Each structure stands twice: as C-alpha cells, then as structure tokens.
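Right, one structure below, let's go through it.
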Amino acid sequence: MKILLLGAGGFIGANLTERLVNDGKHEITALDIQREKLDETGKFEEIRFINFDIRGNEKELERLTVDHDLIIDLVAMANPSLYVSNPIDVFKLNFTENLKIAEFCVKHRKRIVQFSTCEVYGITAARAFGKDSSKYPTPFMEDDSPLIMGPVKSHRWIYACAKQLLERVLHAYGLEEGLNYTIIRPFNFIGPRIDYLPSEHTGNPRVFSHFMNAFLYGTPIKLVDGGLNYRAYTYIDDAVDCIVRVIENPDGVCDRQIFNIGTPENEVTIKELANRMCATFDKYFRQPGDPYPEIVSVSSEEFYGKGYEDCDRRIPDVTKAQKLVGWRSKYDLDSILFRTMKYFVEKHRAKQAGIQWVAT
Ligand code: UDP
C-alpha cells in the first residue's frame, strides 16, 4: 500500500514511521516541517520525505492524496500551553487545514486515518455536576460517552472543540458521501522522542518533559494546582502496535470507527507521576553531581496563563480496540517511565560528554 503520512516528523509520526519501515510492507511518503525525530530512527533513507507545510500548499496536497492509497493525518498542534497562548493558530491548523485533507479524501475516495485526541471527552460528568471525580472512575467510551467541555472563556477547550468538530465532519462525510475514515483518540502516549527538554528549546512542552528536565537541569518540578488531576499513560510502542493494526484494517473492521488507544491500568495523579519519576531516576539513573529538584505547587494561571482549565480524569475504555483488532497494551507505568527516561538520560549524557549519540 502507498501510505501518505502527514505529520511524520512528530513524536507519534516518527515512531510510527520507524515501525512501518521495519515491517517493510508499505511504501511511505512522509511529510513534515521537521525531520530531526525521523533522523533519529535511522530509517530516513528508506522513506520518501518531503519538507512540507500543509498550510498554503493545497494543490500539492491534493496531488499527493490522489497518488496514495491511505492517508494518515497526524498534523496537529497538540500541546496545552499552545491552546492558551495561540488559540487561533490551534483552531486553524487543527480544524481548517485538516478539513482540507479530509475533503481531498472525500473527493478522491481515499481512506483516511485521522488522529484526534482524548481531549474530545473534556471533563468528567462527575466534575461537571460538581462531584469529586476521584470517587467516580468512569471510563470514556468512543460511541457512548458524552463530550463535555468547559465554558468559552476557558479557551483551552478550543483544541478539543476543533478536534471534536473535525470528527463530526468526518462522520457526516461518511454518512453522506461514503467517506471511509477511522478516528484515533490517543490517551497520553509517552516514550522516546516525546516533545523536548524545556532547558534546550523554547516553549512549554507536556508534563513528562518538564519533570525529566528537572532531573537533568535542576529546574523545579512544578505541580500545577497541586497535581491532583489524573492521566493514564500508554507507551508509544504499544500505541504504534494498535495504530498498525488499524492501518492493516483486516476485513474492513476499522471502517468508520473511532478508537480509544490507551491503558486504563496506568492511571496516576500528576503528583504520583512526579514521585514515580523521582524514584525511577534515583534507582536507575542518578550519578554523583546530579541535581535534586524541588517539588513546588504553582497555580494554573501562573503556569499557563488565563484561559486554562484542566481535564480532571481520562480513563480510556479500550474494549473496542480489543474486540475489533485484538489489541491490549503491554507496558506498565514503571516500565514506560524507565524506558522513556533512559532515552532522555542517555541522550543528555552523550551530549554533555560531546559523544555522538545513537538511540539504543
Ligand atoms: N502539569 C504539571 N506540571 C507541568 C506540566 C503539566 O503539573 O510542568 C499538569 C497539567 O496541568 C495537567 C497534566 O500535568 O494536569 C498533564 O499535562 P500535559 O501538559 O502533559 O498535557 P495533557 O495531558 O493535559 O494533554
């Protein structure tokens, strides 16, 4: 199959590309505005890479769509600090530009695998009704759970809302024009190549990278509003394994389906995540002279600015992925943290020592 992978240079894209190249079954055209993470895979020579910004390249995008059998759309701004600082850019990229890809797929009758987000579920029903959601572990189900967002003035929801609208448009195109789509809702994937360390790069990445940065650069571990909200983490290799099954789509079981990809067993509060990472670092990676980061609590307004509101709890129901494509994740939280931290520690130590680094 000829696969057009849009957003191949990001965290999920680079890991997925590596796996697809290793499988050797498909011809990959990888598009992105960055290639560093793809370079790290050592597979760069085995794909066709085009340095490509989907914004303002419609003609070429349409030509490429026509030329491939399957379109995988990973193009997104998927980082909460950007939802607060750049809401219009977030809307335009995640909805307006992505809609063009979907419409080319409708026009040329191509199958699309569209990456969405677990954020479409918003907050829990418990939280919406003023209850303590830690007492109500209610998994989110793809086709049954309501999608509950906060008020408009909490503009962080613009990302979730843009993704939700895109999902709804795909569904409508499926009904009216027979578009063959599969939507994937990732639940907090982590692993090698996630984001960047904030001391080495401008910006405000997701939580794992902030905490990792603390061990390597001595910055404080900041618990936003005390770190009381929950996330359930999934190792990127597990996630990629499910994505590949969706791509293969045996007997069309994934046609016009939405899939949660997540690991309900790996749920922790952010405070627990910080403690687990501290323990993992001390046990496996600490060397003399490494800093001992302090753990502090900061307000969300201080950390993100006005307009942030958190998702309190997101437990994936993964019955559908198990039933339709036979997938369940394998990695528990401790092994996920160990593997992901190992990647960052080794890369950092090599850099400090001026040694050429190759991922193991
Ligand atoms: N968070 C935190 N400290 C940080 C960064 C994030 O406590 O340095 C919190 C954030 O408020 C949220 C959770 O960690 O409750 C996960 O945030 P992340 O940025 O990883 O993205 P999300 O899971 O919300 O998409």
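Quick note on naming: the chains in the structure tokens go A, B, ... in the order shown, residues restart at 1 in each chain, and ligands are numbered from 1 in order of appearance.
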Item to check | Non-local contacts of His210 of chain A (9 Å; only C-alpha atoms; under 2 positions in same chain excluded) as a ChimeraX atom specification | outcome: /A:196-199,204-208,212-214,219-222
Item to check | Residues of segment 124-220 of chain A in strand (DSSP E or B), written as a ChimeraX atom specification | outcome: /A:140,148,181-186,189-190
At most 9 Å is the cut-off: for each residue in chain A with any atom that close to an atom of ligand 1, write down the nearest atom pair and the distance in Å rounded to one decimal, counting only C-alpha atoms and all ligand atoms, chain first then increasing number, as a tab-separated table.
residue	atom	partner	partner_atom_place_in_ligand_line	distance
A:Ala78	CA	ligand 1	25 (O)	7.4
A:Asn79	CA	ligand 1	25 (O)	6.3
A:Pro80	CA	ligand 1	19 (O)	5.6
A:Ser81	CA	ligand 1	19 (O)	7.2
A:Thr117	CA	ligand 1	25 (O)	8.8
A:Cys118	CA	ligand 1	25 (O)	8.5
A:Glu119	CA	ligand 1	25 (O)	7.3
A:Phe187	CA	ligand 1	23 (O)	8.1
A:Asn188	CA	ligand 1	23 (O)	5.9
A:Asn204	CA	ligand 1	5 (C)	8.1
A:Pro205	CA	ligand 1	19 (O)	6.4
A:Arg206	CA	ligand 1	19 (O)	3.4
A:Val207	CA	ligand 1	5 (C)	3.7
A:Phe208	CA	ligand 1	20 (O)	6.2
A:Ser209	CA	ligand 1	8 (O)	7.9
A:His210	CA	ligand 1	8 (O)	4.9
A:Phe211	CA	ligand 1	8 (O)	6.4
A:Pro220	CA	ligand 1	8 (O)	8.8
A:Ile221	CA	ligand 1	8 (O)	6.4
A:Lys222	CA	ligand 1	3 (N)	4.8
A:Leu223	CA	ligand 1	7 (O)	3.7
A:Val224	CA	ligand 1	7 (O)	3.8
A:Asp225	CA	ligand 1	7 (O)	7.1
A:Gly226	CA	ligand 1	7 (O)	7.1
A:Gly227	CA	ligand 1	7 (O)	4.9
A:Leu228	CA	ligand 1	15 (O)	7.4
A:Asn229	CA	ligand 1	15 (O)	5.4
A:Tyr230	CA	ligand 1	15 (O)	6.9
A:Arg231	CA	ligand 1	23 (O)	6.4
A:Ala232	CA	ligand 1	23 (O)	8.8
A:Thr269	CA	ligand 1	15 (O)	8.3
A:Ile270	CA	ligand 1	14 (O)	5.6
A:Lys271	CA	ligand 1	7 (O)	7.3
A:Ala274	CA	ligand 1	7 (O)	8.6
A:Ser297	CA	ligand 1	7 (O)	8.0
A:Val298	CA	ligand 1	7 (O)	8.2
A:Ser300	CA	ligand 1	11 (O)	6.6
A:Phe303	CA	ligand 1	4 (C)	7.8
A:Tyr304	CA	ligand 1	11 (O)	8.4
A:Tyr308	CA	ligand 1	11 (O)	8.6
A:Glu309	CA	ligand 1	11 (O)	8.2
A:Asp310	CA	ligand 1	15 (O)	5.8
A:Cys311	CA	ligand 1	24 (O)	6.5
A:Asp312	CA	ligand 1	15 (O)	7.3
Next on the checklist: Write out as a PyMOL selection string the set of residues from segment 72-235 of chain A that DSSP, computed on the backbone, places in alpha helix (DSSP H).
Outcome noted: chain A and resi 80-85+87-91+98-108+125-128+157-177+207-217
Just write the chosen residues, C-alpha atoms, as a PDB file, in the first residue's frame.
ATOM      1  CA  PRO A  80      -1.942  22.554  26.169  1.00  0.00           C
ATOM      2  CA  SER A  81       0.244  25.638  26.564  1.00  0.00           C
ATOM      3  CA  LEU A  82      -0.391  26.482  22.897  1.00  0.00           C
ATOM      4  CA  TYR A  83      -4.163  26.182  23.351  1.00  0.00           C
ATOM      5  CA  VAL A  84      -3.860  29.001  25.856  1.00  0.00           C
ATOM      6  CA  SER A  85      -1.205  31.157  24.131  1.00  0.00           C
ATOM      7  CA  PRO A  87      -5.844  29.628  20.263  1.00  0.00           C
ATOM      8  CA  ILE A  88      -6.469  30.884  16.715  1.00  0.00           C
ATOM      9  CA  ASP A  89      -3.424  29.102  15.275  1.00  0.00           C
ATOM     10  CA  VAL A  90      -4.549  25.983  17.118  1.00  0.00           C
ATOM     11  CA  PHE A  91      -8.026  26.237  15.604  1.00  0.00           C
ATOM     12  CA  ASN A  98      -7.081  19.355   8.492  1.00  0.00           C
ATOM     13  CA  LEU A  99     -10.526  19.709   6.944  1.00  0.00           C
ATOM     14  CA  LYS A 100      -8.870  20.248   3.557  1.00  0.00           C
ATOM     15  CA  ILE A 101      -7.142  16.875   3.830  1.00  0.00           C
ATOM     16  CA  ALA A 102     -10.436  15.198   4.701  1.00  0.00           C
ATOM     17  CA  GLU A 103     -12.164  16.875   1.763  1.00  0.00           C
ATOM     18  CA  PHE A 104      -9.487  15.681  -0.672  1.00  0.00           C
ATOM     19  CA  CYS A 105     -10.092  12.176   0.677  1.00  0.00           C
ATOM     20  CA  VAL A 106     -13.833  12.584   0.059  1.00  0.00           C
ATOM     21  CA  LYS A 107     -13.237  13.904  -3.472  1.00  0.00           C
ATOM     22  CA  HIS A 108     -10.768  11.195  -4.457  1.00  0.00           C
ATOM     23  CA  ALA A 125     -19.647  14.040  34.155  1.00  0.00           C
ATOM     24  CA  ALA A 126     -18.791  13.888  37.872  1.00  0.00           C
ATOM     25  CA  ARG A 127     -16.780  17.123  37.629  1.00  0.00           C
ATOM     26  CA  ALA A 128     -19.478  18.760  35.503  1.00  0.00           C
ATOM     27  CA  TRP A 157     -11.028  23.935  25.005  1.00  0.00           C
ATOM     28  CA  ILE A 158     -10.554  25.330  21.508  1.00  0.00           C
ATOM     29  CA  TYR A 159      -8.275  22.398  20.668  1.00  0.00           C
ATOM     30  CA  ALA A 160     -10.693  19.781  21.954  1.00  0.00           C
ATOM     31  CA  CYS A 161     -13.545  21.574  20.235  1.00  0.00           C
ATOM     32  CA  ALA A 162     -11.676  21.828  16.890  1.00  0.00           C
ATOM     33  CA  LYS A 163     -10.849  18.127  17.020  1.00  0.00           C
ATOM     34  CA  GLN A 164     -14.389  17.249  18.004  1.00  0.00           C
ATOM     35  CA  LEU A 165     -15.796  19.259  15.113  1.00  0.00           C
ATOM     36  CA  LEU A 166     -13.376  17.576  12.700  1.00  0.00           C
ATOM     37  CA  GLU A 167     -14.555  14.177  13.961  1.00  0.00           C
ATOM     38  CA  ARG A 168     -18.161  15.201  13.470  1.00  0.00           C
ATOM     39  CA  VAL A 169     -17.469  16.392   9.922  1.00  0.00           C
ATOM     40  CA  LEU A 170     -15.714  13.110   9.071  1.00  0.00           C
ATOM     41  CA  HIS A 171     -18.666  11.203  10.453  1.00  0.00           C
ATOM     42  CA  ALA A 172     -21.060  13.326   8.387  1.00  0.00           C
ATOM     43  CA  TYR A 173     -18.975  12.801   5.234  1.00  0.00           C
ATOM     44  CA  GLY A 174     -19.089   9.099   5.992  1.00  0.00           C
ATOM     45  CA  LEU A 175     -22.883   9.229   6.118  1.00  0.00           C
ATOM     46  CA  GLU A 176     -23.461  11.494   3.135  1.00  0.00           C
ATOM     47  CA  GLU A 177     -20.575  10.711   0.791  1.00  0.00           C
ATOM     48  CA  VAL A 207       4.400  17.273  31.688  1.00  0.00           C
ATOM     49  CA  PHE A 208       6.832  14.366  31.214  1.00  0.00           C
ATOM     50  CA  SER A 209       9.432  16.616  29.574  1.00  0.00           C
ATOM     51  CA  HIS A 210       9.178  19.242  32.326  1.00  0.00           C
ATOM     52  CA  PHE A 211       9.730  16.627  35.003  1.00  0.00           C
ATOM     53  CA  MET A 212      12.575  14.996  33.036  1.00  0.00           C
ATOM     54  CA  ASN A 213      14.184  18.388  32.647  1.00  0.00           C
ATOM     55  CA  ALA A 214      14.198  18.762  36.423  1.00  0.00           C
ATOM     56  CA  PHE A 215      16.491  15.737  36.895  1.00  0.00           C
ATOM     57  CA  LEU A 216      18.901  16.796  34.188  1.00  0.00           C
ATOM     58  CA  TYR A 217      18.975  20.586  34.657  1.00  0.00           C
TER      59      TYR A 217
END
Checklist outcome for this item: Counting only C-alpha atoms, closest pick from A:Asp317, A:Asp334, A:Asp251, A:Glu46 relative to Phe281 of chain A is A:Asp334
Item to check | Closest of A:Thr17, A:Thr263, A:Asn249, A:Thr202 to Ile112 of chain A - atom-to-atom distances counting only C-alpha atoms | outcome: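 The shortest atom-to-atom distance to Ile112 of chain A comes from A:Asn249.
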Item to check | Among the residues A:Ile295, A:Met77, A:Cys254, A:Leu20, the one that comes closest to Asn275 of chain A [using only C-alpha atoms] | outcome: A:Ile295
Checklist entry - From the list A:Gly56, A:Gly24, A:Gly326, A:Pro316, which residue is nearest Glu265 of chain A when using only C-alpha atoms? => result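 Looking at the shortest contact to Glu265 of chain A, the residue is A:Pro316.
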Item to check | Pro250 of chain A environment, 12 Å, only C-alpha atoms, sequence neighbours closer than 4 positions dropped, as a list in words | outcome: Val244, Arg245, Val246, Cys254, Asp255, Leu324, Val325 and Gly326 of chain A
Checklist entry - Lys2 of chain A: which residues within 6 Å, counting only C-alpha atoms, same-chain residues fewer than 3 positions away excluded, as number ranges by chain? => result A: 27, 68-69
Next on the checklist: as a PyMOL selection string, please: the residues near Asp290 of chain A (cut-off 8 Å, only C-alpha atoms, same-chain neighbours under 2 positions excluded).
Outcome noted: chain A and resi 215-216+218+286-288+292
Write the selection just made, keeping N, CA and C atoms, as a PDB file, in the first residue's frame?
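The result, written out as selection11.pdb:
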ATOM      1  N   PHE A 215      15.398  16.626  36.462  1.00  0.00           N
ATOM      2  CA  PHE A 215      16.491  15.737  36.895  1.00  0.00           C
ATOM      3  C   PHE A 215      17.800  16.067  36.190  1.00  0.00           C
ATOM      4  N   LEU A 216      17.684  16.568  34.972  1.00  0.00           N
ATOM      5  CA  LEU A 216      18.901  16.796  34.188  1.00  0.00           C
ATOM      6  C   LEU A 216      19.426  18.220  34.336  1.00  0.00           C
ATOM      7  N   GLY A 218      18.038  20.519  36.917  1.00  0.00           N
ATOM      8  CA  GLY A 218      17.806  21.063  38.258  1.00  0.00           C
ATOM      9  C   GLY A 218      16.684  22.081  38.348  1.00  0.00           C
ATOM     10  N   ARG A 286      20.589   8.055  38.621  1.00  0.00           N
ATOM     11  CA  ARG A 286      21.292   9.124  39.342  1.00  0.00           C
ATOM     12  C   ARG A 286      22.799   8.897  39.383  1.00  0.00           C
ATOM     13  N   GLN A 287      23.533   9.963  39.110  1.00  0.00           N
ATOM     14  CA  GLN A 287      25.005   9.914  39.202  1.00  0.00           C
ATOM     15  C   GLN A 287      25.447  11.030  40.143  1.00  0.00           C
ATOM     16  N   PRO A 288      26.646  10.903  40.714  1.00  0.00           N
ATOM     17  CA  PRO A 288      27.118  11.968  41.610  1.00  0.00           C
ATOM     18  C   PRO A 288      27.088  13.313  40.890  1.00  0.00           C
ATOM     19  N   TYR A 292      19.109  17.568  42.757  1.00  0.00           N
ATOM     20  CA  TYR A 292      17.898  17.057  43.412  1.00  0.00           C
ATOM     21  C   TYR A 292      16.821  18.123  43.249  1.00  0.00           C
TER      22      TYR A 292
END
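Of the listed residues A:Ile123, A:Ile72, A:Val66, A:Ile50, the one whose atoms come nearest to Met149 of chain A is A:Ile123, with distances taken using only C-alpha atoms.
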